[in-house]
Amino acid sequence: MSAQIDARGVGVQFHFDRQRRVLSPTLARFRRGGPAPWALRGVDLLAGPGDGIALVGPTGSGKTTLLRLLGGILAADEGSLSVRGKVGTLLSPAAGLLGLLTGSENAELLGVLVGMSPQQARAAVAPIKQVSGLGDSFELPVSSYSEGMRARLGFAVAAQRDVDLLLLDEVHEALDHEFRAAVAERARAVRERGGIVIAAGHDHAVLETLCDRAVWLESGGVERDGEFHDVVDTYVKP
Amino acid sequence: MVRRAVHVLEALARSDIRMRYGRGRLTMVKWLLDPYAAAGVYLLLVAFVLDRPGHAAGLSLACAIVPFQLVLMTVLNSLTSVQSRRSIVVNMRFERALIPFSSAVAEAVGFVATLTLLAVMMVAYGVEPTPALLWLPVLVAATFAVAVAVAYPVALVGVWFPESRPIMLSLTRAAFFVAPGVVALDEIAGSTADWLKANPLTGLFEAYRSVFLDGTSPAAWELLLPCGFAVLTLALFVPLFRHEGPQLVKLVE
């Protein structure tokens, strides 16, 4: 395994029209007039095998946007980005779950989306049910789940596949202590195998269990990048 | 890569069917209710209100309603296809261009059930099956091609201009009437009939009538025009949708 992230000067811009509706870059060429703020701009991030990086910063600083870029869910509008390795994402407690589907049906769908064949995804449903600890609720629609139950299911699906780059966005904060330990264990295993873990959130105590490096994002840019305690202590200093 | 796309397509379509139509035996009833009800309403309109029943009016109507049902349901599905999958669009990495395709696939399952309407009408009007019925797979393929083709621009409109969804539905319904949906093309006088051929639905409706009503092979234009429309639309909008794919998060978040 040789996970690698090389982001140089990456930026993500949002376009709005005069009625403040979001536009895609294609539409923005024809319907200019509104604001066009940058959610991220000039962000550099280099990471290699074994790195555990915490993204800290206030709400709206660009943490989720950066994770989506790294996960290939969103494209950068400027700069260059290279990500090497299989990516696993848990970018919200909802974790890609569709509310009208049961836990079992979601597990099957997400299994295929993370790279399994339909047969493998079907075979993985039973282990996912066991890992998630959802019991009978597993056959109920996800819309009836609490945030913590959704996060458990999302994590259980993600745990079925070996990844080189694990991206977590405040997911662990929705989990109970038992499952936080499972997430920490998973993150540790990924890093030990030469993978990279990047976790964003506001619970610095939890982030500390996953990462030894921190990147402080402020208004879409990197304010500071370094050893976890140095960066977090500076960030929280009044 | 193709295999992976097929897997994702199947998973998206399967989940879409469960979300839109639920589970169990009642699903089939939901699929059949709409086309059968539409056939009944239009039959009343043609036979009693317009007083233009023509030859085997119910079967002629079914020949338009059945293919139109797939196009209409695909439009309805595609308009919200990205939004209804918001949770996976903002969290998971997969080929976004498969979303509109999966909408058409999901609705095609119901479309197969609506084909029974044609059989029912053939029995009701005493129309004997002919070897021309061997054209059915070609008709189904052409109908599906048109449905997939419209799914892409419609899905884009659904995310670009979500407020225009009701207008898009009205336009689609209007397309049924700007084609020989209620009355066959040979019952339309003058140059209007020629103009109606520009509507890709016209060829589809008339091809179904050729096969099921007249027992003949469809004329070349009846299949070439809809298929040509499908190829051109896909050539234009699939690359555009793929280009927009990585930006969809911004629009649905």
# chains A, B, ... in the order shown; residues from 1 in each chain; ligands from 1
$ residues_around --residues "Gly158 (chain B)" --least-positions-apart "2" --cutoff "12 Å" --atoms "only C-alpha atoms" --output "PyMOL selection string"
chain B and resi 75-84+100+151-156+160-169+241+248+251-252
$ write_last_selection --atoms "N, CA and C atoms" --output "PDB file, in the first residue's frame"
ATOM      1  N   VAL B  75     -39.176  10.874 -17.527  1.00  0.00           N
ATOM      2  CA  VAL B  75     -39.047  12.320 -17.306  1.00  0.00           C
ATOM      3  C   VAL B  75     -39.349  12.645 -15.839  1.00  0.00           C
ATOM      4  N   LEU B  76     -40.443  12.088 -15.346  1.00  0.00           N
ATOM      5  CA  LEU B  76     -40.855  12.324 -13.956  1.00  0.00           C
ATOM      6  C   LEU B  76     -39.746  11.892 -12.993  1.00  0.00           C
ATOM      7  N   ASN B  77     -39.171  10.746 -13.242  1.00  0.00           N
ATOM      8  CA  ASN B  77     -38.117  10.212 -12.387  1.00  0.00           C
ATOM      9  C   ASN B  77     -36.835  11.047 -12.518  1.00  0.00           C
ATOM     10  N   SER B  78     -36.464  11.351 -13.768  1.00  0.00           N
ATOM     11  CA  SER B  78     -35.184  12.029 -14.002  1.00  0.00           C
ATOM     12  C   SER B  78     -35.156  13.440 -13.417  1.00  0.00           C
ATOM     13  N   LEU B  79     -36.307  14.085 -13.415  1.00  0.00           N
ATOM     14  CA  LEU B  79     -36.357  15.463 -12.911  1.00  0.00           C
ATOM     15  C   LEU B  79     -35.823  15.558 -11.481  1.00  0.00           C
ATOM     16  N   THR B  80     -36.063  14.521 -10.688  1.00  0.00           N
ATOM     17  CA  THR B  80     -35.602  14.544  -9.297  1.00  0.00           C
ATOM     18  C   THR B  80     -34.551  13.464  -9.035  1.00  0.00           C
ATOM     19  N   SER B  81     -33.995  12.903 -10.118  1.00  0.00           N
ATOM     20  CA  SER B  81     -33.101  11.752  -9.945  1.00  0.00           C
ATOM     21  C   SER B  81     -31.854  12.092  -9.136  1.00  0.00           C
ATOM     22  N   VAL B  82     -31.302  13.269  -9.339  1.00  0.00           N
ATOM     23  CA  VAL B  82     -30.096  13.633  -8.593  1.00  0.00           C
ATOM     24  C   VAL B  82     -30.467  14.001  -7.158  1.00  0.00           C
ATOM     25  N   GLN B  83     -31.526  14.801  -7.024  1.00  0.00           N
ATOM     26  CA  GLN B  83     -31.957  15.249  -5.697  1.00  0.00           C
ATOM     27  C   GLN B  83     -32.362  14.064  -4.816  1.00  0.00           C
ATOM     28  N   SER B  84     -33.078  13.098  -5.401  1.00  0.00           N
ATOM     29  CA  SER B  84     -33.533  11.962  -4.584  1.00  0.00           C
ATOM     30  C   SER B  84     -32.375  11.067  -4.165  1.00  0.00           C
ATOM     31  N   PRO B 100     -29.102   9.311 -14.620  1.00  0.00           N
ATOM     32  CA  PRO B 100     -30.261   9.375 -15.523  1.00  0.00           C
ATOM     33  C   PRO B 100     -30.558   8.023 -16.189  1.00  0.00           C
ATOM     34  N   ALA B 151     -33.764  11.338 -20.622  1.00  0.00           N
ATOM     35  CA  ALA B 151     -33.417  11.352 -19.192  1.00  0.00           C
ATOM     36  C   ALA B 151     -32.261  12.317 -18.904  1.00  0.00           C
ATOM     37  N   TYR B 152     -31.293  12.412 -19.820  1.00  0.00           N
ATOM     38  CA  TYR B 152     -30.111  13.237 -19.551  1.00  0.00           C
ATOM     39  C   TYR B 152     -30.406  14.739 -19.520  1.00  0.00           C
ATOM     40  N   PRO B 153     -31.003  15.306 -20.586  1.00  0.00           N
ATOM     41  CA  PRO B 153     -31.315  16.731 -20.491  1.00  0.00           C
ATOM     42  C   PRO B 153     -32.291  17.044 -19.367  1.00  0.00           C
ATOM     43  N   VAL B 154     -33.248  16.132 -19.157  1.00  0.00           N
ATOM     44  CA  VAL B 154     -34.254  16.381 -18.113  1.00  0.00           C
ATOM     45  C   VAL B 154     -33.603  16.374 -16.721  1.00  0.00           C
ATOM     46  N   ALA B 155     -32.684  15.446 -16.496  1.00  0.00           N
ATOM     47  CA  ALA B 155     -32.005  15.396 -15.192  1.00  0.00           C
ATOM     48  C   ALA B 155     -31.195  16.675 -14.976  1.00  0.00           C
ATOM     49  N   LEU B 156     -30.576  17.170 -16.040  1.00  0.00           N
ATOM     50  CA  LEU B 156     -29.817  18.418 -15.920  1.00  0.00           C
ATOM     51  C   LEU B 156     -30.736  19.588 -15.598  1.00  0.00           C
ATOM     52  N   TRP B 160     -30.383  22.051 -12.555  1.00  0.00           N
ATOM     53  CA  TRP B 160     -30.057  23.440 -12.902  1.00  0.00           C
ATOM     54  C   TRP B 160     -31.205  24.387 -12.551  1.00  0.00           C
ATOM     55  N   PHE B 161     -32.407  23.964 -12.898  1.00  0.00           N
ATOM     56  CA  PHE B 161     -33.581  24.827 -12.680  1.00  0.00           C
ATOM     57  C   PHE B 161     -34.677  24.038 -11.949  1.00  0.00           C
ATOM     58  N   PRO B 162     -34.466  23.731 -10.680  1.00  0.00           N
ATOM     59  CA  PRO B 162     -35.441  22.871  -9.987  1.00  0.00           C
ATOM     60  C   PRO B 162     -36.855  23.443  -9.977  1.00  0.00           C
ATOM     61  N   GLU B 163     -36.957  24.767 -10.083  1.00  0.00           N
ATOM     62  CA  GLU B 163     -38.290  25.387 -10.051  1.00  0.00           C
ATOM     63  C   GLU B 163     -39.069  25.127 -11.343  1.00  0.00           C
ATOM     64  N   SER B 164     -38.370  24.614 -12.370  1.00  0.00           N
ATOM     65  CA  SER B 164     -39.048  24.412 -13.654  1.00  0.00           C
ATOM     66  C   SER B 164     -39.593  22.990 -13.823  1.00  0.00           C
ATOM     67  N   ARG B 165     -39.545  22.199 -12.761  1.00  0.00           N
ATOM     68  CA  ARG B 165     -40.002  20.812 -12.878  1.00  0.00           C
ATOM     69  C   ARG B 165     -41.454  20.700 -13.336  1.00  0.00           C
ATOM     70  N   PRO B 166     -42.395  21.484 -12.782  1.00  0.00           N
ATOM     71  CA  PRO B 166     -43.785  21.362 -13.260  1.00  0.00           C
ATOM     72  C   PRO B 166     -43.918  21.708 -14.742  1.00  0.00           C
ATOM     73  N   ILE B 167     -43.125  22.701 -15.201  1.00  0.00           N
ATOM     74  CA  ILE B 167     -43.203  23.088 -16.621  1.00  0.00           C
ATOM     75  C   ILE B 167     -42.700  21.943 -17.503  1.00  0.00           C
ATOM     76  N   MET B 168     -41.648  21.293 -17.049  1.00  0.00           N
ATOM     77  CA  MET B 168     -41.101  20.173 -17.829  1.00  0.00           C
ATOM     78  C   MET B 168     -42.128  19.052 -17.976  1.00  0.00           C
ATOM     79  N   LEU B 169     -42.869  18.798 -16.902  1.00  0.00           N
ATOM     80  CA  LEU B 169     -43.896  17.759 -16.974  1.00  0.00           C
ATOM     81  C   LEU B 169     -44.998  18.159 -17.944  1.00  0.00           C
ATOM     82  N   PHE B 241     -23.469  15.952 -19.151  1.00  0.00           N
ATOM     83  CA  PHE B 241     -23.789  15.469 -17.807  1.00  0.00           C
ATOM     84  C   PHE B 241     -22.517  14.984 -17.099  1.00  0.00           C
ATOM     85  N   LEU B 248     -22.071  18.346  -9.182  1.00  0.00           N
ATOM     86  CA  LEU B 248     -23.445  18.163  -8.704  1.00  0.00           C
ATOM     87  C   LEU B 248     -23.576  18.391  -7.194  1.00  0.00           C
ATOM     88  N   LEU B 251     -24.733  21.717  -6.321  1.00  0.00           N
ATOM     89  CA  LEU B 251     -26.114  22.067  -6.681  1.00  0.00           C
ATOM     90  C   LEU B 251     -27.153  21.403  -5.770  1.00  0.00           C
ATOM     91  N   VAL B 252     -26.825  20.269  -5.206  1.00  0.00           N
ATOM     92  CA  VAL B 252     -27.836  19.563  -4.405  1.00  0.00           C
ATOM     93  C   VAL B 252     -27.594  19.703  -2.905  1.00  0.00           C
TER      94      VAL B 252
END
$ closest_atom_pairs --of "chain B" --to "chain A" --cutoff "8 Å" --atoms "only C-alpha atoms" --output "tab-separated table"
residue	atom	partner	partner_atom	distance
B:Arg4	CA	A:Ser117	CA	7.6
B:His7	CA	A:Pro118	CA	6.4
B:Val8	CA	A:Val112	CA	6.2
B:Ala11	CA	A:Leu109	CA	5.6
B:Leu12	CA	A:Leu109	CA	7.2
B:Ser15	CA	A:Leu109	CA	7.1
B:Arg18	CA	A:Leu101	CA	7.2
B:Met19	CA	A:Leu100	CA	5.7
B:Arg85	CA	A:Leu98	CA	7.1
B:Ser87	CA	A:Gly96	CA	4.5
B:Ile88	CA	A:Gly96	CA	4.1
B:Val89	CA	A:Gly96	CA	7.5
B:Val90	CA	A:Ile73	CA	6.8
B:Asn91	CA	A:Gly96	CA	5.3
B:Met92	CA	A:Ile73	CA	6.4
B:Arg93	CA	A:Ile73	CA	5.1
B:Phe94	CA	A:Leu113	CA	6.4
B:Trp160	CA	A:Leu23	CA	7.0
B:Glu244	CA	A:Ser24	CA	7.3
B:Pro246	CA	A:Leu74	CA	4.8
B:Gln247	CA	A:Leu74	CA	6.0
B:Leu248	CA	A:Ser24	CA	7.6
B:Val249	CA	A:Leu74	CA	6.5
B:Lys250	CA	A:Val22	CA	7.2
B:Leu251	CA	A:Val22	CA	6.0
$ select_by_dssp --residues "region 6-223 of chain A" --states "strand (DSSP E or B)" --output "compact mmCIF listing (two decimals) with N, CA and C atoms, in the first residue's frame"
# COMPACT_ATOMS: atom_id res chain seq x y z
N ASP A 6 -1.31 14.70 -2.93
CA ASP A 6 -0.49 15.84 -3.35
C ASP A 6 -1.44 16.92 -3.89
N ALA A 7 -1.78 17.84 -3.03
CA ALA A 7 -2.68 18.93 -3.43
C ALA A 7 -1.90 20.23 -3.44
N ARG A 8 -1.97 20.93 -4.55
CA ARG A 8 -1.22 22.19 -4.66
C ARG A 8 -2.12 23.30 -5.19
N GLY A 9 -2.32 24.26 -4.33
CA GLY A 9 -3.10 25.45 -4.72
C GLY A 9 -4.52 25.15 -5.14
N VAL A 10 -5.14 24.14 -4.50
CA VAL A 10 -6.49 23.77 -4.95
C VAL A 10 -7.53 24.77 -4.44
N GLY A 11 -8.54 24.95 -5.26
CA GLY A 11 -9.62 25.87 -4.90
C GLY A 11 -10.95 25.37 -5.40
N VAL A 12 -11.98 25.69 -4.66
CA VAL A 12 -13.34 25.34 -5.05
C VAL A 12 -14.19 26.60 -4.95
N GLN A 13 -14.84 26.93 -6.06
CA GLN A 13 -15.62 28.16 -6.10
C GLN A 13 -17.10 27.85 -6.26
N HIS A 15 -20.77 29.49 -7.44
CA HIS A 15 -21.34 30.58 -8.22
C HIS A 15 -22.82 30.71 -7.87
N PHE A 16 -23.29 31.95 -7.79
CA PHE A 16 -24.70 32.21 -7.52
C PHE A 16 -25.23 33.18 -8.57
N VAL A 22 -27.68 28.55 -6.47
CA VAL A 22 -26.35 28.03 -6.81
C VAL A 22 -26.32 27.63 -8.28
N LEU A 23 -25.23 27.96 -8.94
CA LEU A 23 -25.05 27.60 -10.35
C LEU A 23 -23.84 26.68 -10.48
N TRP A 38 -15.15 31.77 -2.90
CA TRP A 38 -14.32 30.56 -2.91
C TRP A 38 -14.51 29.85 -1.58
N ALA A 39 -14.90 28.57 -1.63
CA ALA A 39 -15.03 27.78 -0.40
C ALA A 39 -13.65 27.30 0.05
N LEU A 40 -12.77 27.13 -0.93
CA LEU A 40 -11.37 26.77 -0.66
C LEU A 40 -10.53 27.53 -1.66
N ARG A 41 -9.36 27.97 -1.24
CA ARG A 41 -8.49 28.61 -2.24
C ARG A 41 -7.03 28.51 -1.81
N GLY A 42 -6.22 28.13 -2.74
CA GLY A 42 -4.77 28.06 -2.50
C GLY A 42 -4.37 27.05 -1.44
N VAL A 43 -5.09 25.96 -1.36
CA VAL A 43 -4.79 24.97 -0.33
C VAL A 43 -3.73 23.98 -0.82
N ASP A 44 -2.67 23.87 -0.01
CA ASP A 44 -1.63 22.86 -0.28
C ASP A 44 -1.73 21.79 0.79
N LEU A 45 -1.66 20.55 0.38
CA LEU A 45 -1.68 19.46 1.36
C LEU A 45 -0.90 18.28 0.80
N LEU A 46 0.14 17.91 1.52
CA LEU A 46 0.92 16.74 1.13
C LEU A 46 0.79 15.72 2.25
N ALA A 47 0.51 14.48 1.88
CA ALA A 47 0.41 13.43 2.89
C ALA A 47 0.91 12.14 2.30
N GLY A 52 -1.84 10.60 9.77
CA GLY A 52 -3.18 10.81 10.33
C GLY A 52 -3.36 12.29 10.51
N ILE A 53 -4.25 12.89 9.75
CA ILE A 53 -4.36 14.36 9.74
C ILE A 53 -5.75 14.78 10.20
N ALA A 54 -5.78 15.66 11.19
CA ALA A 54 -7.05 16.21 11.65
C ALA A 54 -7.27 17.56 10.97
N LEU A 55 -8.47 17.76 10.44
CA LEU A 55 -8.81 19.07 9.88
C LEU A 55 -9.62 19.81 10.94
N VAL A 56 -9.11 20.92 11.40
CA VAL A 56 -9.83 21.70 12.40
C VAL A 56 -10.09 23.10 11.84
N GLU A 78 -9.56 25.04 -9.38
CA GLU A 78 -8.21 25.48 -9.72
C GLU A 78 -7.20 24.67 -8.91
N GLY A 79 -5.98 24.70 -9.35
CA GLY A 79 -4.93 23.95 -8.67
C GLY A 79 -4.83 22.52 -9.18
N SER A 80 -3.91 21.77 -8.58
CA SER A 80 -3.74 20.37 -9.00
C SER A 80 -3.90 19.45 -7.79
N LEU A 81 -4.50 18.31 -8.05
CA LEU A 81 -4.75 17.36 -6.96
C LEU A 81 -4.47 15.96 -7.46
N SER A 82 -3.65 15.25 -6.72
CA SER A 82 -3.37 13.85 -7.05
C SER A 82 -3.58 13.01 -5.79
N VAL A 83 -4.44 12.01 -5.90
CA VAL A 83 -4.71 11.12 -4.77
C VAL A 83 -4.44 9.70 -5.22
N ARG A 84 -3.55 9.02 -4.51
CA ARG A 84 -3.22 7.64 -4.88
C ARG A 84 -3.72 6.70 -3.79
N VAL A 87 -10.02 4.89 -1.86
CA VAL A 87 -10.56 5.86 -0.91
C VAL A 87 -11.83 5.33 -0.26
N GLY A 88 -11.91 5.48 1.05
CA GLY A 88 -13.14 5.17 1.80
C GLY A 88 -13.64 6.43 2.46
N THR A 89 -14.92 6.73 2.29
CA THR A 89 -15.43 7.99 2.83
C THR A 89 -16.58 7.76 3.81
N LEU A 90 -16.56 8.53 4.87
CA LEU A 90 -17.71 8.63 5.79
C LEU A 90 -17.84 10.12 6.08
N THR A 102 -34.36 0.23 3.61
CA THR A 102 -34.02 -0.36 4.91
C THR A 102 -32.50 -0.39 5.08
N PRO A 141 -36.83 0.97 7.59
CA PRO A 141 -36.31 2.10 6.80
C PRO A 141 -35.35 2.96 7.61
N LEU A 165 -7.05 5.25 1.95
CA LEU A 165 -7.27 6.61 2.43
C LEU A 165 -8.66 6.67 3.06
N LEU A 166 -8.71 6.89 4.36
CA LEU A 166 -9.99 6.92 5.08
C LEU A 166 -10.32 8.37 5.43
N LEU A 167 -11.46 8.84 4.93
CA LEU A 167 -11.87 10.22 5.17
C LEU A 167 -13.09 10.24 6.08
N LEU A 168 -12.99 10.95 7.19
CA LEU A 168 -14.08 10.97 8.18
C LEU A 168 -14.47 12.43 8.44
N ASP A 169 -15.76 12.71 8.37
CA ASP A 169 -16.19 14.08 8.63
C ASP A 169 -17.25 14.11 9.74
N ILE A 196 -3.63 6.44 4.80
CA ILE A 196 -3.75 7.80 5.34
C ILE A 196 -5.15 7.96 5.93
N VAL A 197 -5.23 8.60 7.09
CA VAL A 197 -6.53 8.91 7.69
C VAL A 197 -6.64 10.42 7.81
N ILE A 198 -7.74 10.95 7.29
CA ILE A 198 -8.00 12.40 7.46
C ILE A 198 -9.37 12.54 8.09
N ALA A 199 -9.42 13.19 9.24
CA ALA A 199 -10.68 13.32 9.97
C ALA A 199 -10.93 14.78 10.31
N ALA A 200 -12.16 15.22 10.03
CA ALA A 200 -12.52 16.60 10.35
C ALA A 200 -13.54 16.58 11.48
N ARG A 213 -1.25 14.76 13.37
CA ARG A 213 -0.96 16.01 12.66
C ARG A 213 -2.28 16.75 12.47
N ALA A 214 -2.24 18.06 12.43
CA ALA A 214 -3.48 18.81 12.26
C ALA A 214 -3.28 19.92 11.22
N VAL A 215 -4.35 20.18 10.49
CA VAL A 215 -4.37 21.30 9.54
C VAL A 215 -5.52 22.21 9.95
N TRP A 216 -5.19 23.43 10.24
CA TRP A 216 -6.20 24.40 10.66
C TRP A 216 -6.65 25.19 9.42
N LEU A 217 -7.93 25.04 9.10
CA LEU A 217 -8.48 25.77 7.96
C LEU A 217 -9.26 26.98 8.46
N GLU A 218 -9.09 28.08 7.76
CA GLU A 218 -9.78 29.31 8.13
C GLU A 218 -10.19 30.03 6.84
N GLY A 221 -8.76 28.67 3.54
CA GLY A 221 -7.32 28.56 3.34
C GLY A 221 -6.66 27.86 4.52
N VAL A 222 -5.42 27.43 4.32
CA VAL A 222 -4.70 26.76 5.42
C VAL A 222 -4.06 27.84 6.30
N GLU A 223 -4.49 27.85 7.56
CA GLU A 223 -3.95 28.83 8.51
C GLU A 223 -2.65 28.28 9.12
